[in-house]
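Chemist: Take this structure first; my questions come after.
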Amino acid sequence: MQKRTSQSRPTASSRWTALFATLFTTLLSVPLYAQIPHGGIGGRPEMSAQTNIGRFYGKVIDEKTKEPLPYASVQLLGMKFDTVSRKMQETMIAGQLTLDNGEFSLEKLPIMGEFTLKISYLSYVTYEQKVSFGLRGGKPGAGKPNGNPGAMAGAVDKDLGNIKLGVSNTLLNEVEVLGEASKIVLALDKKVYRVDKDNIAAGGTAEDALKNVPSLNVDIDGNLTMRSAAPQIFVDGRPTNLTLDQIPADAIDNVEVITNPSSKYDASGGGAGIVNIVLKKERRIGYNGSVRAGLDMRGRANLGGDFNAREGNINVFLGGNLNQRRSLSSGGTDRLNFPFIGQENRPVTNIFQSNDAENKGLFMTGRAGMDWFINNRNTLSVSGNMHGGEMNNSDLIDIHTDSLTFGNIYNSSDALRESDSKRQFRNFGSQISFKHLFPKEGKEWTADANLNGSRSENEGFFNTDYLNSANLSSSQKQTGKGSNEFFTFQTDFVNPLGNGLKMELGARTAIRNFRSENANFQDSLADGQYYRVPGFADRYKFNDQVYAGYGTFSQSFKKWGYQVGLRAESSQYTGTLLDTDSTFNVNFPLQLFPSVFLTYKLDEEDQIQLSYTRRINRPSFFQLIPFPDFSDSLNLSRGNPNLVPEFNNSLEINYQNVFSKGHNLLVSAYYKRSTNLLTRYLTQEYDPAIYRDTVIVSTYQNANSSQAYGMEFTVKNVFWKILELTTNLNFYNSIVDATNVQAGLENQQFTYFIKENASVKLPKNFTIQLNGSFQSRTAFDTNSGNRGGHGGWGGPTSTAQGYTIPVGYVDFSIRKDFWKRTGSLTLSVQDIFRSRRTGSFTESDYFSQETWRRRDPQLVRVNFSYRFGKFDVSLFRRKNTRTETEGMEGGF
């Protein structure tokens with residue numbers, strides 16, 4: 001209990017007296033503080049300097065007038081074991097005088113033990129309060145910050161609010177902090193995968209990192225799927241124009257996977273969920289840095305580094321990567337063409353195709369930014385990034401064709417096709433963000449604006465020699481260029497209302513401008529020059545605009561909690577075909593997207609959550625454009641302007657059990673139903689303006705519906721403190737109903753995934769890691785994928801006409817840590833059994849086709865990294881690192 005007496009506000013002269021008195025007291029205490037490293041703090045034995053990362057800050061004000069009190073003495077006291085008296089004695093840990101605005105900040109504090117905060121000011125009652133970071137005996141309390149690295153760091157950065165001297169009744173709550181996070185953190189609402197702990201991904205790209213993440217699959221072309229559907233991909237919580245192969249794995253801190261997002265998140269993209277790639281610039285801040293370099297068996301090098309420095313109220317960070325690429329792949333295609341209906345006299349043809357390809361290139365990334373800590377509760381951050389590179393691809397294709405005419409006459413032919421293509425790309429991005437912390441714990445307001453843009457140019461040459469005909473060949477050339485600009489603005493407000501209540505409000509604007517210009521050319525046998533082929537031009541642009549607002553309300557009780565939310569979105573598409581100056585608009589009216597989350601704690605280790613969400617998958621420009629694309633004479637394509645949005649309703653129930661000694665079980669059962677399913681559909685048409693014959697046209701339709709239901713098991717086990725196993729099993733059944741498009745057209749497919757990650761710590765600081773994955777036959781989309789930036793808006797489309805073939809692989813790595821774990825050397829081998837052979841089977845009334853591909857089997861890579869500097873945890877709380885995938889605890 002504090003003893004307080006009523007005092008009048010001091011005069012100006014008494015302020016100077018207070019200044020000298022408190023300054024004298026503080027200076028006398030400094031020598032004692034200088035001796036602290038030689039003993040224990042807070043009643044604990046001596047700890048490593050690595051634990052001196054805590055921070056208490058706040059503001060001292062007059063209780064009645066609410067005016068700040070400058071030059072007040074602020075001291076933090078703790079118990080220390082005195083080696084002379086052999087007794088515990090109270091010692092000053094840190095101390096300072098408040099600034100003119102009454103603010104103080106005590107930094108580099110031990111995070112273990114209990115302390116006493118003491119604030120004194122002449123003519124005011126001395127304020128004393130017990131404060132703690134909640135680590136008693138080295139064990140974290142129950143208030144775990146959900147495994148989020150930013151939340152864990154923020155737990156040791158405590159805002160004590162406005163401290164009133166006089167008759168204040170303020171009581172400070174203790175905070176909790178967790179130790180070093182493991183490679184995979186499981187939570188009810190998401191999974192957090194620490195990429196910086198993935199040895200196999202070291203020196204690779206985001207493709208290598210994400211393929212080892214539970215619930216995710218990445219094929220050899222970089223297409224990302226979650227539960228057999230393409231999720232939304234964000235970088236630092238915002239949309240990106242980058243593809244996965246343009247993001248170095250060494251630049252990624254962690255990957256967040258959300259299978260059933262609430263109303264707080266963007267409703268676009270269907271029901272596949274969200275994958276957020278969090279870069280290291282958002283997490284590795286303060287005075288620290290790292291350098292890294294690597295080389296693979298084909299001479300591909302990778303270099304990179306990060307550096308962060310803080311001086312006063314300015315923090316600067318920068319980083320860069322350089323990656324060389326040389327990828328070898330092989331593949332094959334077997335296609336059987338059927339006679340068209342009504343034209344049975346046409347020959348039946350079989351096409352057998354095999355190819356070997358080489359892809360070489362170089363890409364570079366750079367990031368830089370600055371944080372301005374205006375004061376304890378206001379931070380302004382500015383950052384920018386640039387990516388650029390060039391990719392060169394060469395492909396050699398052998399084509400054999402067998403044909404059987406109506407009169408049973410057999411013919412065969414062979415052709416050799418060579419292709420050489422080049423693609424250059426440049427991406428840029430910028431962000432400005434602001435974060436304001438209120439004196440009330442947990443109350444905050446954030447705002448940020450993001451601008452991302454990209455430019456690309458490509459050119460390809462294709463030459464085909466017909467081996468059965470003397471001197472017969474053909475050559476084509478393709479050229480193209482495009483641009484993509486993406487602007488987003490978002491603001492969020494969080495306000496804890498007390499008694500377990502919390503309210504969140506936010507608004508978002510997203511605008512994209514896309515432009516593409518492509519052309520095909522045919523050579524002339526007469527003069528060898530290329531001439532543009534009429535009708536093969538592909539020049540278009542579009543503008544997308546999406547406006548959204550959301551609100552969520554949550555409340556937590558002792559055993560259970562709930563969160564209800566509602567999101568409203570409206571969007572508009574405007575597309576233009578430049579060659580014909582044809583423009584069309586598609587407006588989607590205001591739509592509402594509710595979400596409900598219920599959580600019940602069975603006990604301290606077991607909890608269960610039930611969630612429902614509604615989401616939307618809007619047709620992209622490419623699906624809506626009503627003009628035919630003749631660039632492939634065998635597969636013409638055309639959009640459908642009559643498409644309507646696809647709506648998805650998802651129901652998911654999760655059960656989590658946190659066992660003792662590092663064992664964790666997460667079980668999910670889910671059901672998803674889509675109406676007006678966007679699906680690709682092959683049909684035949686007669687078009688005399690093109691070939692004066694019947695052709696196959698690939699278009700889009702709204703199928704009746706689709707359903708997917710299944711169960712997912714994720715188990716994390718730690719044995720003997722040296723073996724960490726993470727097992728992910730996913731079993732589900734999918735049904736596509738397209739009977740409204742074609743009578744009897746349905747596709748039902750049972751699928752299962754198995755993924756295992758094993759990490760073993762060996763003596764002498766060695767670590768071995770094994771990652772394995774197997775995927776059974778899967779219903780798929782024959783012409784979609786998500787590489788994090790290609791194409792227009794809208795999620796993937798489904799199909800009732802195909803499936804992927806089963807595929808499995810195993811990766812291996814070994815790492816040696818040295819120099820007190822600041823340096824590491826890693827050797828990794830990709831696809832050690834050469835079993836990662838991906839492919840697909842497609843069947844329609846017009847043809848059946850099976851394809852397969854393999855890329856970079858048994859690739860060996862060596863990587864070195866070195867980390868240096870200090871770590872300033874207090875920046876986590878003060879920066880606006882709030883992304884769309886953070887804070888989804890639902891108040892539970």
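Identifiers in this document derive from the order of the structure tokens: chains are assigned A, B, ..., residues are numbered from 1 separately in each chain, and ligands are numbered from 1 in order of occurrence.
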Per DSSP on the backbone, what are the helix (DSSP H, G or I) residues of stretch 461-630 of chain A, as a list of chain:residue names?
Modeler: A:Phe621, A:Phe622, A:Gln623, A:Leu624
Chemist: Put those residues in a file: N, CA, C and O atoms, as a PDB file, in the first residue's frame.
Modeler:
```
ATOM      1  N   PHE A 621     -10.046 -10.336 -65.067  1.00  0.00           N
ATOM      2  CA  PHE A 621     -10.197  -9.759 -66.398  1.00  0.00           C
ATOM      3  C   PHE A 621     -10.060 -10.826 -67.469  1.00  0.00           C
ATOM      4  O   PHE A 621     -10.799 -10.828 -68.464  1.00  0.00           O
ATOM      5  N   PHE A 622      -9.142 -11.759 -67.301  1.00  0.00           N
ATOM      6  CA  PHE A 622      -8.889 -12.783 -68.303  1.00  0.00           C
ATOM      7  C   PHE A 622     -10.076 -13.736 -68.429  1.00  0.00           C
ATOM      8  O   PHE A 622     -10.272 -14.348 -69.473  1.00  0.00           O
ATOM      9  N   GLN A 623     -10.836 -13.905 -67.369  1.00  0.00           N
ATOM     10  CA  GLN A 623     -12.010 -14.758 -67.432  1.00  0.00           C
ATOM     11  C   GLN A 623     -13.228 -14.032 -67.991  1.00  0.00           C
ATOM     12  O   GLN A 623     -14.160 -14.660 -68.474  1.00  0.00           O
ATOM     13  N   LEU A 624     -13.213 -12.708 -67.928  1.00  0.00           N
ATOM     14  CA  LEU A 624     -14.360 -11.926 -68.371  1.00  0.00           C
ATOM     15  C   LEU A 624     -14.243 -11.426 -69.811  1.00  0.00           C
ATOM     16  O   LEU A 624     -15.253 -11.199 -70.469  1.00  0.00           O
TER      17      LEU A 624
END
```
Chemist: So that I can check the surroundings of A:Pro214, please list as a list of chain:residue names every protein, DNA and RNA residue that reaches within 9 Å of it, counting only C-alpha atoms and ignoring chain neighbours fewer than 5 positions away.
Modeler: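 In the requested form, the answer reads A:Ile184, A:Lys191, A:Tyr193, A:Val257, A:Thr714, A:Thr726, A:Thr727, A:Asn728, A:Leu729, A:Lys755, A:Glu756, A:Asn757.
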Chemist: Stretch 509-525 of chain A: which residues within 7 Å, counting only C-alpha atoms, same-chain residues fewer than 4 positions away excluded, as a PyMOL selection string?
Modeler: chain A and resi 475-490+529-533+536-548
Chemist: Include N, CA and C atoms and write out the residues we just selected as a tab-separated table (two decimals), in the first residue's frame.
Modeler:
```tsv
chain	number	residue	atom	x	y	z
A	475	SER	N	9.42	-20.82	-88.61
A	475	SER	CA	9.96	-20.03	-87.49
A	475	SER	C	8.95	-19.00	-87.06
A	476	GLN	N	8.85	-18.81	-85.75
A	476	GLN	CA	7.97	-17.79	-85.19
A	476	GLN	C	8.74	-16.98	-84.16
A	477	LYS	N	8.26	-15.80	-83.93
A	477	LYS	CA	8.81	-14.93	-82.90
A	477	LYS	C	7.67	-14.33	-82.09
A	478	GLN	N	7.86	-14.25	-80.80
A	478	GLN	CA	6.88	-13.63	-79.91
A	478	GLN	C	7.57	-12.52	-79.13
A	479	THR	N	6.92	-11.39	-79.03
A	479	THR	CA	7.41	-10.29	-78.21
A	479	THR	C	6.31	-9.83	-77.28
A	480	GLY	N	6.71	-9.25	-76.18
A	480	GLY	CA	5.70	-8.76	-75.24
A	480	GLY	C	6.31	-7.84	-74.21
A	481	LYS	N	5.46	-7.01	-73.66
A	481	LYS	CA	5.83	-6.15	-72.55
A	481	LYS	C	4.58	-5.86	-71.74
A	482	GLY	N	4.78	-5.55	-70.48
A	482	GLY	CA	3.63	-5.29	-69.63
A	482	GLY	C	4.01	-4.50	-68.40
A	483	SER	N	2.99	-4.00	-67.73
A	483	SER	CA	3.18	-3.25	-66.49
A	483	SER	C	2.04	-3.57	-65.55
A	484	ASN	N	2.31	-3.43	-64.27
A	484	ASN	CA	1.34	-3.74	-63.23
A	484	ASN	C	1.58	-2.80	-62.06
A	485	GLU	N	0.59	-2.02	-61.70
A	485	GLU	CA	0.68	-1.10	-60.56
A	485	GLU	C	-0.42	-1.42	-59.57
A	486	PHE	N	-0.04	-1.49	-58.31
A	486	PHE	CA	-0.97	-1.91	-57.26
A	486	PHE	C	-0.84	-0.94	-56.09
A	487	PHE	N	-1.93	-0.27	-55.75
A	487	PHE	CA	-1.94	0.67	-54.63
A	487	PHE	C	-2.95	0.19	-53.60
A	488	THR	N	-2.53	0.19	-52.32
A	488	THR	CA	-3.44	-0.15	-51.24
A	488	THR	C	-3.28	0.85	-50.10
A	489	PHE	N	-4.39	1.14	-49.45
A	489	PHE	CA	-4.39	1.94	-48.24
A	489	PHE	C	-5.24	1.22	-47.21
A	490	GLN	N	-4.73	1.14	-45.99
A	490	GLN	CA	-5.45	0.44	-44.94
A	490	GLN	C	-5.25	1.14	-43.62
A	529	GLN	N	12.66	-12.62	-93.33
A	529	GLN	CA	12.26	-11.60	-92.38
A	529	GLN	C	11.00	-12.05	-91.64
A	530	TYR	N	10.81	-11.49	-90.43
A	530	TYR	CA	9.62	-11.78	-89.64
A	530	TYR	C	8.54	-10.75	-89.94
A	531	TYR	N	7.31	-11.25	-90.13
A	531	TYR	CA	6.19	-10.37	-90.39
A	531	TYR	C	5.10	-10.66	-89.36
A	532	ARG	N	4.52	-9.60	-88.87
A	532	ARG	CA	3.49	-9.75	-87.85
A	532	ARG	C	2.27	-10.45	-88.43
A	533	VAL	N	1.75	-11.41	-87.68
A	533	VAL	CA	0.60	-12.19	-88.13
A	533	VAL	C	-0.68	-11.47	-87.72
A	536	PHE	N	-3.14	-12.02	-84.36
A	536	PHE	CA	-2.43	-12.64	-83.26
A	536	PHE	C	-2.01	-11.64	-82.20
A	537	ALA	N	-2.37	-10.38	-82.39
A	537	ALA	CA	-2.00	-9.37	-81.40
A	537	ALA	C	-2.76	-9.60	-80.10
A	538	ASP	N	-2.15	-9.24	-79.01
A	538	ASP	CA	-2.75	-9.43	-77.69
A	538	ASP	C	-2.41	-8.20	-76.86
A	539	ARG	N	-3.18	-7.15	-77.04
A	539	ARG	CA	-2.92	-5.89	-76.37
A	539	ARG	C	-4.17	-5.50	-75.58
A	540	TYR	N	-4.02	-5.37	-74.28
A	540	TYR	CA	-5.18	-5.06	-73.45
A	540	TYR	C	-4.71	-4.38	-72.16
A	541	LYS	N	-5.65	-3.79	-71.45
A	541	LYS	CA	-5.39	-3.20	-70.15
A	541	LYS	C	-6.65	-3.32	-69.31
A	542	PHE	N	-6.49	-3.24	-68.00
A	542	PHE	CA	-7.67	-3.25	-67.13
A	542	PHE	C	-7.36	-2.49	-65.85
A	543	ASN	N	-8.43	-2.08	-65.20
A	543	ASN	CA	-8.36	-1.38	-63.93
A	543	ASN	C	-9.31	-2.06	-62.95
A	544	ASP	N	-8.78	-2.41	-61.77
A	544	ASP	CA	-9.58	-3.02	-60.70
A	544	ASP	C	-9.64	-2.08	-59.52
A	545	GLN	N	-10.78	-2.00	-58.89
A	545	GLN	CA	-10.92	-1.20	-57.69
A	545	GLN	C	-11.79	-1.98	-56.69
A	546	VAL	N	-11.26	-2.13	-55.48
A	546	VAL	CA	-11.99	-2.81	-54.41
A	546	VAL	C	-11.96	-1.93	-53.17
A	547	TYR	N	-13.14	-1.69	-52.60
A	547	TYR	CA	-13.27	-0.87	-51.39
A	547	TYR	C	-13.94	-1.73	-50.31
A	548	ALA	N	-13.38	-1.67	-49.11
A	548	ALA	CA	-13.86	-2.56	-48.06
A	548	ALA	C	-13.79	-1.88	-46.70
```
Chemist: Atom CA of A:Tyr71 to atom CA of A:Gly102: how many Å, to one decimal?
Modeler: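 So the answer is 7.4 Å.
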Chemist: Quick one: everything within 8 Å of A:Thr552, counting only C-alpha atoms, minus sequence neighbours fewer than 5 positions away in the same chain. Send it as a list in words.
Modeler: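 That gives Ser263, Lys264, Met503, Glu504, Leu505, Gln563, Val564, Gly565 and Leu566 of chain A.
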